[in-house]
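Listing of protein-v4.cif; format and content: mmCIF, C-alpha atoms.
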data_protein
#
loop_
_atom_site.label_atom_id
_atom_site.label_comp_id
_atom_site.auth_asym_id
_atom_site.auth_seq_id
_atom_site.Cartn_x
_atom_site.Cartn_y
_atom_site.Cartn_z
CA MET A 170 21.61 -1.02 -42.74
CA GLU A 171 22.88 2.18 -44.27
CA ILE A 172 23.83 5.08 -42.01
CA LEU A 173 22.26 8.33 -43.16
CA LYS A 174 24.59 11.31 -43.51
CA TYR A 175 23.87 14.97 -42.94
CA PRO A 176 21.93 16.84 -44.27
CA ASN A 177 19.40 13.98 -44.65
CA PRO A 178 16.03 15.37 -43.43
CA MET A 179 15.34 12.23 -41.35
CA LEU A 180 18.14 13.30 -38.99
CA PHE A 181 16.22 16.46 -38.08
CA GLN A 182 12.87 14.82 -37.33
CA PRO A 183 11.93 13.70 -33.82
CA THR A 184 11.26 9.97 -33.55
CA SER A 185 8.10 8.25 -32.30
CA SER A 186 7.79 6.20 -29.13
CA VAL A 187 8.05 2.44 -29.50
CA ARG A 188 4.82 0.73 -28.44
CA VAL A 189 5.27 -2.80 -29.83
CA PHE A 190 7.95 -5.03 -28.38
CA GLY A 191 8.92 -8.45 -29.63
CA GLU A 192 10.96 -10.35 -32.18
CA GLU A 193 10.76 -7.70 -34.92
CA LEU A 194 12.09 -5.03 -32.57
CA GLN A 195 14.92 -7.33 -31.47
CA ILE A 196 15.87 -7.95 -35.11
CA LEU A 197 16.07 -4.19 -35.76
CA LEU A 198 18.19 -3.63 -32.64
CA ASP A 199 20.50 -6.49 -33.68
CA GLU A 200 20.91 -4.98 -37.15
CA MET A 201 21.60 -1.55 -35.64
CA TRP A 202 24.21 -3.07 -33.30
CA GLU A 203 25.95 -4.82 -36.18
CA THR A 204 25.92 -1.64 -38.28
CA MET A 205 27.35 0.41 -35.39
CA GLN A 206 30.07 -2.15 -34.71
CA THR A 207 31.00 -2.41 -38.40
CA ARG A 208 31.42 1.37 -38.62
CA GLY A 209 33.46 1.58 -35.40
CA GLY A 210 30.92 3.62 -33.45
CA ILE A 211 29.95 3.44 -29.79
CA GLY A 212 26.31 4.49 -30.26
CA LEU A 213 23.70 4.56 -33.02
CA ALA A 214 20.20 6.06 -33.00
CA ALA A 215 17.36 4.54 -35.00
CA ASN A 216 16.80 7.62 -37.15
CA GLN A 217 20.44 7.42 -38.27
CA VAL A 218 19.44 4.27 -40.16
CA GLY A 219 16.10 5.59 -41.39
CA LEU A 220 13.84 4.32 -38.59
CA SER A 221 11.53 6.82 -36.89
CA MET A 222 11.62 4.93 -33.61
CA SER A 223 12.77 6.25 -30.24
CA MET A 224 15.63 3.84 -29.56
CA PHE A 225 19.36 3.50 -29.78
CA VAL A 226 22.10 0.98 -29.19
CA MET A 227 25.39 1.71 -27.50
CA ILE A 228 28.43 0.15 -25.92
CA GLY A 229 28.11 0.58 -22.17
CA PRO A 230 30.42 0.10 -19.21
CA ASP A 231 32.47 -3.12 -19.34
CA ASN A 232 31.73 -3.28 -23.10
CA ALA A 233 28.15 -4.32 -22.34
CA ARG A 234 25.61 -3.95 -25.11
CA LEU A 235 22.79 -1.57 -24.21
CA ASN A 236 19.49 -1.40 -26.10
CA LEU A 237 17.73 1.75 -24.92
CA VAL A 238 14.13 2.07 -26.12
CA ASN A 239 12.08 5.20 -25.33
CA PRO A 240 14.97 6.68 -23.31
CA THR A 241 14.72 9.78 -21.14
CA ILE A 242 17.27 11.42 -18.91
CA GLU A 243 15.88 11.50 -15.37
CA THR A 244 18.74 13.34 -13.69
CA ARG A 245 22.11 14.69 -14.71
CA SER A 246 25.18 16.06 -13.04
CA ARG A 247 25.86 19.75 -12.83
CA THR A 248 29.47 19.13 -13.80
CA PHE A 249 30.47 18.67 -17.41
CA ALA A 250 32.36 15.90 -19.17
CA ASN A 251 34.29 18.06 -21.69
CA LEU A 252 34.98 15.10 -23.98
CA LYS A 253 35.24 15.11 -27.77
CA GLU A 254 32.43 13.40 -29.59
CA GLY A 255 31.90 12.37 -33.17
CA CYS A 256 28.96 11.10 -35.17
CA LEU A 257 28.54 8.25 -37.64
CA SER A 258 26.31 10.59 -39.67
CA ALA A 259 29.16 13.14 -39.92
CA PRO A 260 32.24 10.90 -40.06
CA GLY A 261 35.60 12.47 -39.36
CA ASP A 262 34.40 15.46 -37.36
CA PHE A 263 34.96 15.55 -33.59
CA VAL A 264 33.89 18.35 -31.28
CA THR A 265 33.72 18.99 -27.55
CA ILE A 266 30.21 19.99 -26.52
CA PRO A 267 30.81 21.95 -23.32
CA ASN A 268 27.37 21.40 -21.80
CA ARG A 269 27.31 17.57 -21.78
CA ALA A 270 26.77 16.28 -18.25
CA GLU A 271 29.48 14.16 -16.59
CA TRP A 272 26.87 11.57 -15.58
CA VAL A 273 23.22 10.84 -16.36
CA HIS A 274 20.52 8.55 -15.00
CA VAL A 275 18.59 7.21 -17.99
CA LEU A 276 15.13 5.66 -17.75
CA TYR A 277 14.34 3.36 -20.68
CA ASP A 278 12.59 0.23 -21.85
CA ASP A 279 14.65 -2.79 -22.81
CA GLU A 280 13.93 -4.74 -25.99
CA LYS A 281 11.22 -6.73 -24.18
CA GLY A 282 9.43 -3.66 -22.81
CA ASN A 283 10.79 -3.92 -19.25
CA VAL A 284 11.39 -0.53 -17.61
CA LYS A 285 15.01 -0.06 -16.56
CA ARG A 286 17.36 2.62 -15.28
CA VAL A 287 21.06 2.98 -15.82
CA LEU A 288 23.69 5.35 -14.47
CA LEU A 289 26.16 6.31 -17.17
CA LYS A 290 29.35 8.27 -16.55
CA GLY A 291 32.00 9.96 -18.67
CA LEU A 292 32.11 8.82 -22.29
CA TYR A 293 29.00 6.65 -21.80
CA ALA A 294 27.03 9.64 -20.48
CA VAL A 295 28.15 11.78 -23.42
CA CYS A 296 27.17 9.02 -25.85
CA ALA A 297 23.69 8.67 -24.33
CA GLN A 298 23.11 12.44 -24.45
CA HIS A 299 24.28 12.53 -28.10
CA GLU A 300 21.97 9.67 -29.11
CA ILE A 301 18.98 11.09 -27.23
CA ASP A 302 19.55 14.37 -29.09
CA HIS A 303 19.41 12.38 -32.35
CA LEU A 304 16.06 10.91 -31.28
CA ARG A 305 14.79 14.46 -30.72
CA GLY A 306 15.96 15.48 -34.21
CA VAL A 307 18.79 17.63 -32.84
CA SER A 308 22.23 17.66 -34.50
CA PHE A 309 25.32 17.90 -32.30
CA MET A 310 26.65 20.43 -34.82
CA GLU A 311 23.89 22.89 -33.91
CA ASN A 312 24.52 22.84 -30.16
CA LYS A 313 24.65 26.46 -29.00
CA SER A 314 27.42 25.71 -26.49
CA ILE A 315 29.88 25.12 -29.37
CA PRO A 316 31.68 28.31 -30.43
CA LYS A 317 29.71 29.96 -33.25
CA SER A 318 32.64 29.82 -35.71
CA VAL A 319 33.04 26.06 -35.17
CA ARG A 320 29.28 25.50 -35.42
CA LYS A 321 29.07 27.49 -38.66
CA GLY A 322 32.01 25.59 -40.16
CA LEU A 323 30.51 22.20 -39.32
CA CYS A 324 27.08 23.17 -40.62
CA LYS A 325 28.57 24.50 -43.86
CA ARG A 326 30.67 21.35 -44.38
CA TRP A 327 27.62 19.10 -43.88
CA GLY A 328 25.09 21.24 -45.77
CA ILE A 329 23.04 22.22 -42.72
CA LYS A 330 21.34 25.61 -42.98
#
If you took the structure in this file and wrote it as structure tokens, what would it be?
Amino acid sequence: MEILKYPNPMLFQPTSSVRVFGEELQILLDEMWETMQTRGGIGLAANQVGLSMSMFVMIGPDNARLNLVNPTIETRSRTFANLKEGCLSAPGDFVTIPNRAEWVHVLYDDEKGNVKRVLLKGLYAVCAQHEIDHLRGVSFMENKSIPKSVRKGLCKRWGIK
């Protein structure tokens, strides 16, 4: 799979809910996982590889593989993580997004359609929030909590208007 780079329009479009679970979905998730691992990432959203499906893969606590399909954040901390994050669609740029929650409870379907919940903290929470933004068609570079000068510089570098 090829990772789309900004300003590809697919990265700005919200994805659609996954309704069909099975072998084909598992194959896509496996390919996404391999692509993410090959590129040295810790998370990868479906629309980053040209799929308009609400799902992402990520490395979780204890290096566990997580396949999160139709994810939503149920609750989040009121404290912030203040960690730098990067993006495989904008390689080489790292930014601290001040409003990322320190922990999140995520409700999701697994690859078989079973409803699950996971508590993610620190870097894992930041990753999940970043990937869920991707699924909503929101770029981390446009986050209003980043200083305007930094945001403008990133958007200019990546051709985002």
Evaluate the PyMOL selection byres ((chain A and resi 270) around 6) against this structure - the residues, as a count of residues only, please.
7
What separation in Å, quoted to one decimal, exists between CA of Gln298 (chain A) and CA of Gly229 (chain A)?
13.1 Å
Skipping near chain neighbours, those fewer than 5 positions away, what residues fall within 12 Å of Ile329 (chain A) using only C-alpha atoms, listed as a CSV table (one decimal) with C-alpha atoms, in the frame of the given file?
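Here's the written file out-v2.csv:
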chain,number,residue,atom,x,y,z
A,174,LYS,CA,24.6,11.3,-43.5
A,175,TYR,CA,23.9,15.0,-42.9
A,176,PRO,CA,21.9,16.8,-44.3
A,177,ASN,CA,19.4,14.0,-44.6
A,178,PRO,CA,16.0,15.4,-43.4
A,180,LEU,CA,18.1,13.3,-39.0
A,181,PHE,CA,16.2,16.5,-38.1
A,259,ALA,CA,29.2,13.1,-39.9
A,307,VAL,CA,18.8,17.6,-32.8
A,308,SER,CA,22.2,17.7,-34.5
A,309,PHE,CA,25.3,17.9,-32.3
A,310,MET,CA,26.6,20.4,-34.8
A,311,GLU,CA,23.9,22.9,-33.9
A,320,ARG,CA,29.3,25.5,-35.4
A,321,LYS,CA,29.1,27.5,-38.7
A,322,GLY,CA,32.0,25.6,-40.2
A,323,LEU,CA,30.5,22.2,-39.3
A,324,CYS,CA,27.1,23.2,-40.6
Nearest candidate to Val275 (chain A) (options A:Lys317, A:Lys325, A:Arg245, A:His299; using all atoms listed in the file)
A:Arg245
Quick one, how far is CA of Ser185 (chain A) from CA of Gly282 (chain A)?
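Distance reported for this atom pair: 15.3 Å.
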So which residues touch Asn251 (chain A) within 10 Å, counting only C-alpha atoms, skipping near sequence neighbours fewer than 6 positions away, as an mmCIF file with C-alpha atoms, keeping the file's coordinate frame?
data_model
loop_
_atom_site.group_PDB
_atom_site.id
_atom_site.type_symbol
_atom_site.label_atom_id
_atom_site.label_comp_id
_atom_site.auth_asym_id
_atom_site.auth_seq_id
_atom_site.Cartn_x
_atom_site.Cartn_y
_atom_site.Cartn_z
ATOM 1 C CA VAL A 264 33.890 18.350 -31.280
ATOM 2 C CA THR A 265 33.720 18.990 -27.550
ATOM 3 C CA ILE A 266 30.210 19.990 -26.520
ATOM 4 C CA PRO A 267 30.810 21.950 -23.320
ATOM 5 C CA ASN A 268 27.370 21.400 -21.800
ATOM 6 C CA ARG A 269 27.310 17.570 -21.780
ATOM 7 C CA ALA A 270 26.770 16.280 -18.250
ATOM 8 C CA GLU A 271 29.480 14.160 -16.590
ATOM 9 C CA GLY A 291 32.000 9.960 -18.670
ATOM 10 C CA LEU A 292 32.110 8.820 -22.290
ATOM 11 C CA VAL A 295 28.150 11.780 -23.420
#
If we count only C-alpha atoms and set the cut-off at 6 Å, which residues sit around Lys285 (chain A), ignoring sequence neighbours fewer than 3 positions away in its own chain? Please answer as a PyMOL selection string.
chain A and resi 276-278
Output file for the selection above: C-alpha atoms, as a PDB file, keeping the file's coordinate frame:
ATOM      1  CA  LEU A 276      15.130   5.660 -17.750  1.00  0.00           C
ATOM      2  CA  TYR A 277      14.340   3.360 -20.680  1.00  0.00           C
ATOM      3  CA  ASP A 278      12.590   0.230 -21.850  1.00  0.00           C
TER       4      ASP A 278
END
Result set, the PyMOL selection byres ((chain A and resi 202-215) around 8) on current file, as JSON, numbers by chain:
{"A": [170, 171, 172, 198, 199, 200, 201, 216, 217, 218, 219, 220, 221, 222, 223, 224, 225, 226, 227, 228, 256, 257, 296, 297, 300, 301, 303, 304]}
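A straight line drawn from CA of Asp302 (chain A) to CA of Leu237 (chain A) is 13.4 Å long.
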Which one is closest to Val284 (chain A): A:Thr184, A:Gln195, A:Asn232, A:Thr241? Count all atoms listed in the file.
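Going through A:Thr184, A:Gln195, A:Asn232, A:Thr241 one by one, the smallest distance to Val284 (chain A) is for A:Thr241.
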Nearest to Glu280 (chain A) by atom-to-atom distance, counting only C-alpha atoms, from A:Leu235, A:Asp262, A:Asn312, A:Leu173
A:Leu235
Counting all atoms listed in the file, which residue out of A:Asp279, A:Pro240, A:Lys253, A:Ala233 sits closest to Val189 (chain A)?
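Looking only at the distances to Val189 (chain A), the closest residue turns out to be A:Asp279.
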Using all atoms listed in the file, the shortest atom-to-atom distance to Val287 (chain A) among A:Ser258, A:Ser186, A:Thr244, A:Ser318 belongs to A:Thr244
For Gly261 (chain A), which residue out of A:Arg326, A:Arg286, A:Arg188, A:Lys313 is the nearest one, using only C-alpha atoms?
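Going through A:Arg326, A:Arg286, A:Arg188, A:Lys313 one by one, the smallest distance to Gly261 (chain A) is for A:Arg326.
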Please return the centre and edge lengths, in Å to one decimal, of a box with edges along x, y and z that contains all listed atoms of region 304-312 of chain A, widened by 6 Å on every side, as JSON.
{"center_x": 20.7, "center_y": 16.9, "center_z": -32.5, "size_x": 23.9, "size_y": 24.0, "size_z": 16.7}
With N, CA and C atoms as the goal, would you fill in the gaps in region 264-296 of chain A and present it as a PDB file, in the frame of the given file?
ATOM      1  N   VAL A 264      34.075  17.062 -31.933  1.00  0.00           N
ATOM      2  CA  VAL A 264      33.890  18.350 -31.280  1.00  0.00           C
ATOM      3  C   VAL A 264      33.618  18.113 -29.800  1.00  0.00           C
ATOM      4  N   THR A 265      34.088  19.018 -28.963  1.00  0.00           N
ATOM      5  CA  THR A 265      33.720  18.990 -27.550  1.00  0.00           C
ATOM      6  C   THR A 265      32.494  19.855 -27.366  1.00  0.00           C
ATOM      7  N   ILE A 266      31.441  19.254 -26.816  1.00  0.00           N
ATOM      8  CA  ILE A 266      30.210  19.990 -26.520  1.00  0.00           C
ATOM      9  C   ILE A 266      30.274  20.331 -25.031  1.00  0.00           C
ATOM     10  N   PRO A 267      30.550  21.575 -24.713  1.00  0.00           N
ATOM     11  CA  PRO A 267      30.810  21.950 -23.320  1.00  0.00           C
ATOM     12  C   PRO A 267      29.696  21.654 -22.316  1.00  0.00           C
ATOM     13  N   ASN A 268      28.449  21.555 -22.771  1.00  0.00           N
ATOM     14  CA  ASN A 268      27.370  21.400 -21.800  1.00  0.00           C
ATOM     15  C   ASN A 268      26.896  19.949 -21.606  1.00  0.00           C
ATOM     16  N   ARG A 269      27.674  18.973 -22.008  1.00  0.00           N
ATOM     17  CA  ARG A 269      27.310  17.570 -21.780  1.00  0.00           C
ATOM     18  C   ARG A 269      27.609  17.207 -20.325  1.00  0.00           C
ATOM     19  N   ALA A 270      26.627  16.642 -19.661  1.00  0.00           N
ATOM     20  CA  ALA A 270      26.770  16.280 -18.250  1.00  0.00           C
ATOM     21  C   ALA A 270      27.785  15.154 -18.067  1.00  0.00           C
ATOM     22  N   GLU A 271      28.488  15.185 -16.948  1.00  0.00           N
ATOM     23  CA  GLU A 271      29.480  14.160 -16.590  1.00  0.00           C
ATOM     24  C   GLU A 271      28.822  12.807 -16.337  1.00  0.00           C
ATOM     25  N   TRP A 272      27.612  12.824 -15.773  1.00  0.00           N
ATOM     26  CA  TRP A 272      26.870  11.570 -15.580  1.00  0.00           C
ATOM     27  C   TRP A 272      25.391  11.819 -15.775  1.00  0.00           C
ATOM     28  N   VAL A 273      24.680  10.773 -16.171  1.00  0.00           N
ATOM     29  CA  VAL A 273      23.220  10.840 -16.360  1.00  0.00           C
ATOM     30  C   VAL A 273      22.578   9.555 -15.860  1.00  0.00           C
ATOM     31  N   HIS A 274      21.391   9.691 -15.290  1.00  0.00           N
ATOM     32  CA  HIS A 274      20.520   8.550 -15.000  1.00  0.00           C
ATOM     33  C   HIS A 274      19.525   8.480 -16.150  1.00  0.00           C
ATOM     34  N   VAL A 275      19.496   7.355 -16.851  1.00  0.00           N
ATOM     35  CA  VAL A 275      18.590   7.210 -17.990  1.00  0.00           C
ATOM     36  C   VAL A 275      17.521   6.170 -17.655  1.00  0.00           C
ATOM     37  N   LEU A 276      16.273   6.552 -17.878  1.00  0.00           N
ATOM     38  CA  LEU A 276      15.130   5.660 -17.750  1.00  0.00           C
ATOM     39  C   LEU A 276      14.799   5.187 -19.163  1.00  0.00           C
ATOM     40  N   TYR A 277      14.604   3.885 -19.349  1.00  0.00           N
ATOM     41  CA  TYR A 277      14.340   3.360 -20.680  1.00  0.00           C
ATOM     42  C   TYR A 277      13.618   2.019 -20.589  1.00  0.00           C
ATOM     43  N   ASP A 278      13.128   1.576 -21.732  1.00  0.00           N
ATOM     44  CA  ASP A 278      12.590   0.230 -21.850  1.00  0.00           C
ATOM     45  C   ASP A 278      13.660  -0.630 -22.504  1.00  0.00           C
ATOM     46  N   ASP A 279      13.765  -1.890 -22.089  1.00  0.00           N
ATOM     47  CA  ASP A 279      14.650  -2.790 -22.810  1.00  0.00           C
ATOM     48  C   ASP A 279      13.892  -3.350 -24.009  1.00  0.00           C
ATOM     49  N   GLU A 280      14.535  -4.212 -24.765  1.00  0.00           N
ATOM     50  CA  GLU A 280      13.930  -4.740 -25.990  1.00  0.00           C
ATOM     51  C   GLU A 280      12.660  -5.556 -25.753  1.00  0.00           C
ATOM     52  N   LYS A 281      12.420  -5.960 -24.507  1.00  0.00           N
ATOM     53  CA  LYS A 281      11.220  -6.730 -24.180  1.00  0.00           C
ATOM     54  C   LYS A 281      10.121  -5.854 -23.561  1.00  0.00           C
ATOM     55  N   GLY A 282      10.420  -4.572 -23.368  1.00  0.00           N
ATOM     56  CA  GLY A 282       9.430  -3.660 -22.810  1.00  0.00           C
ATOM     57  C   GLY A 282       9.531  -3.495 -21.300  1.00  0.00           C
ATOM     58  N   ASN A 283      10.570  -4.074 -20.685  1.00  0.00           N
ATOM     59  CA  ASN A 283      10.790  -3.920 -19.250  1.00  0.00           C
ATOM     60  C   ASN A 283      11.399  -2.555 -18.968  1.00  0.00           C
ATOM     61  N   VAL A 284      10.857  -1.840 -17.984  1.00  0.00           N
ATOM     62  CA  VAL A 284      11.390  -0.530 -17.610  1.00  0.00           C
ATOM     63  C   VAL A 284      12.678  -0.716 -16.820  1.00  0.00           C
ATOM     64  N   LYS A 285      13.706   0.034 -17.215  1.00  0.00           N
ATOM     65  CA  LYS A 285      15.010  -0.060 -16.560  1.00  0.00           C
ATOM     66  C   LYS A 285      15.585   1.328 -16.358  1.00  0.00           C
ATOM     67  N   ARG A 286      16.592   1.387 -15.515  1.00  0.00           N
ATOM     68  CA  ARG A 286      17.360   2.620 -15.280  1.00  0.00           C
ATOM     69  C   ARG A 286      18.833   2.244 -15.338  1.00  0.00           C
ATOM     70  N   VAL A 287      19.626   3.199 -15.801  1.00  0.00           N
ATOM     71  CA  VAL A 287      21.060   2.980 -15.820  1.00  0.00           C
ATOM     72  C   VAL A 287      21.754   4.305 -15.504  1.00  0.00           C
ATOM     73  N   LEU A 288      22.824   4.201 -14.744  1.00  0.00           N
ATOM     74  CA  LEU A 288      23.690   5.350 -14.470  1.00  0.00           C
ATOM     75  C   LEU A 288      24.864   5.248 -15.424  1.00  0.00           C
ATOM     76  N   LEU A 289      25.055   6.279 -16.216  1.00  0.00           N
ATOM     77  CA  LEU A 289      26.160   6.310 -17.170  1.00  0.00           C
ATOM     78  C   LEU A 289      27.063   7.480 -16.834  1.00  0.00           C
ATOM     79  N   LYS A 290      28.369   7.241 -16.898  1.00  0.00           N
ATOM     80  CA  LYS A 290      29.350   8.270 -16.550  1.00  0.00           C
ATOM     81  C   LYS A 290      30.332   8.475 -17.694  1.00  0.00           C
ATOM     82  N   GLY A 291      30.941   9.664 -17.714  1.00  0.00           N
ATOM     83  CA  GLY A 291      32.000   9.960 -18.670  1.00  0.00           C
ATOM     84  C   GLY A 291      31.565   9.788 -20.116  1.00  0.00           C
ATOM     85  N   LEU A 292      32.375   9.050 -20.874  1.00  0.00           N
ATOM     86  CA  LEU A 292      32.110   8.820 -22.290  1.00  0.00           C
ATOM     87  C   LEU A 292      30.733   8.208 -22.522  1.00  0.00           C
ATOM     88  N   TYR A 293      30.308   7.301 -21.645  1.00  0.00           N
ATOM     89  CA  TYR A 293      29.000   6.650 -21.800  1.00  0.00           C
ATOM     90  C   TYR A 293      27.863   7.659 -21.617  1.00  0.00           C
ATOM     91  N   ALA A 294      28.032   8.592 -20.693  1.00  0.00           N
ATOM     92  CA  ALA A 294      27.030   9.640 -20.480  1.00  0.00           C
ATOM     93  C   ALA A 294      26.960  10.558 -21.698  1.00  0.00           C
ATOM     94  N   VAL A 295      28.113  10.923 -22.235  1.00  0.00           N
ATOM     95  CA  VAL A 295      28.150  11.780 -23.420  1.00  0.00           C
ATOM     96  C   VAL A 295      27.484  11.072 -24.595  1.00  0.00           C
ATOM     97  N   CYS A 296      27.776   9.792 -24.768  1.00  0.00           N
ATOM     98  CA  CYS A 296      27.170   9.020 -25.850  1.00  0.00           C
ATOM     99  C   CYS A 296      25.646   9.005 -25.719  1.00  0.00           C
TER     100      CYS A 296
END
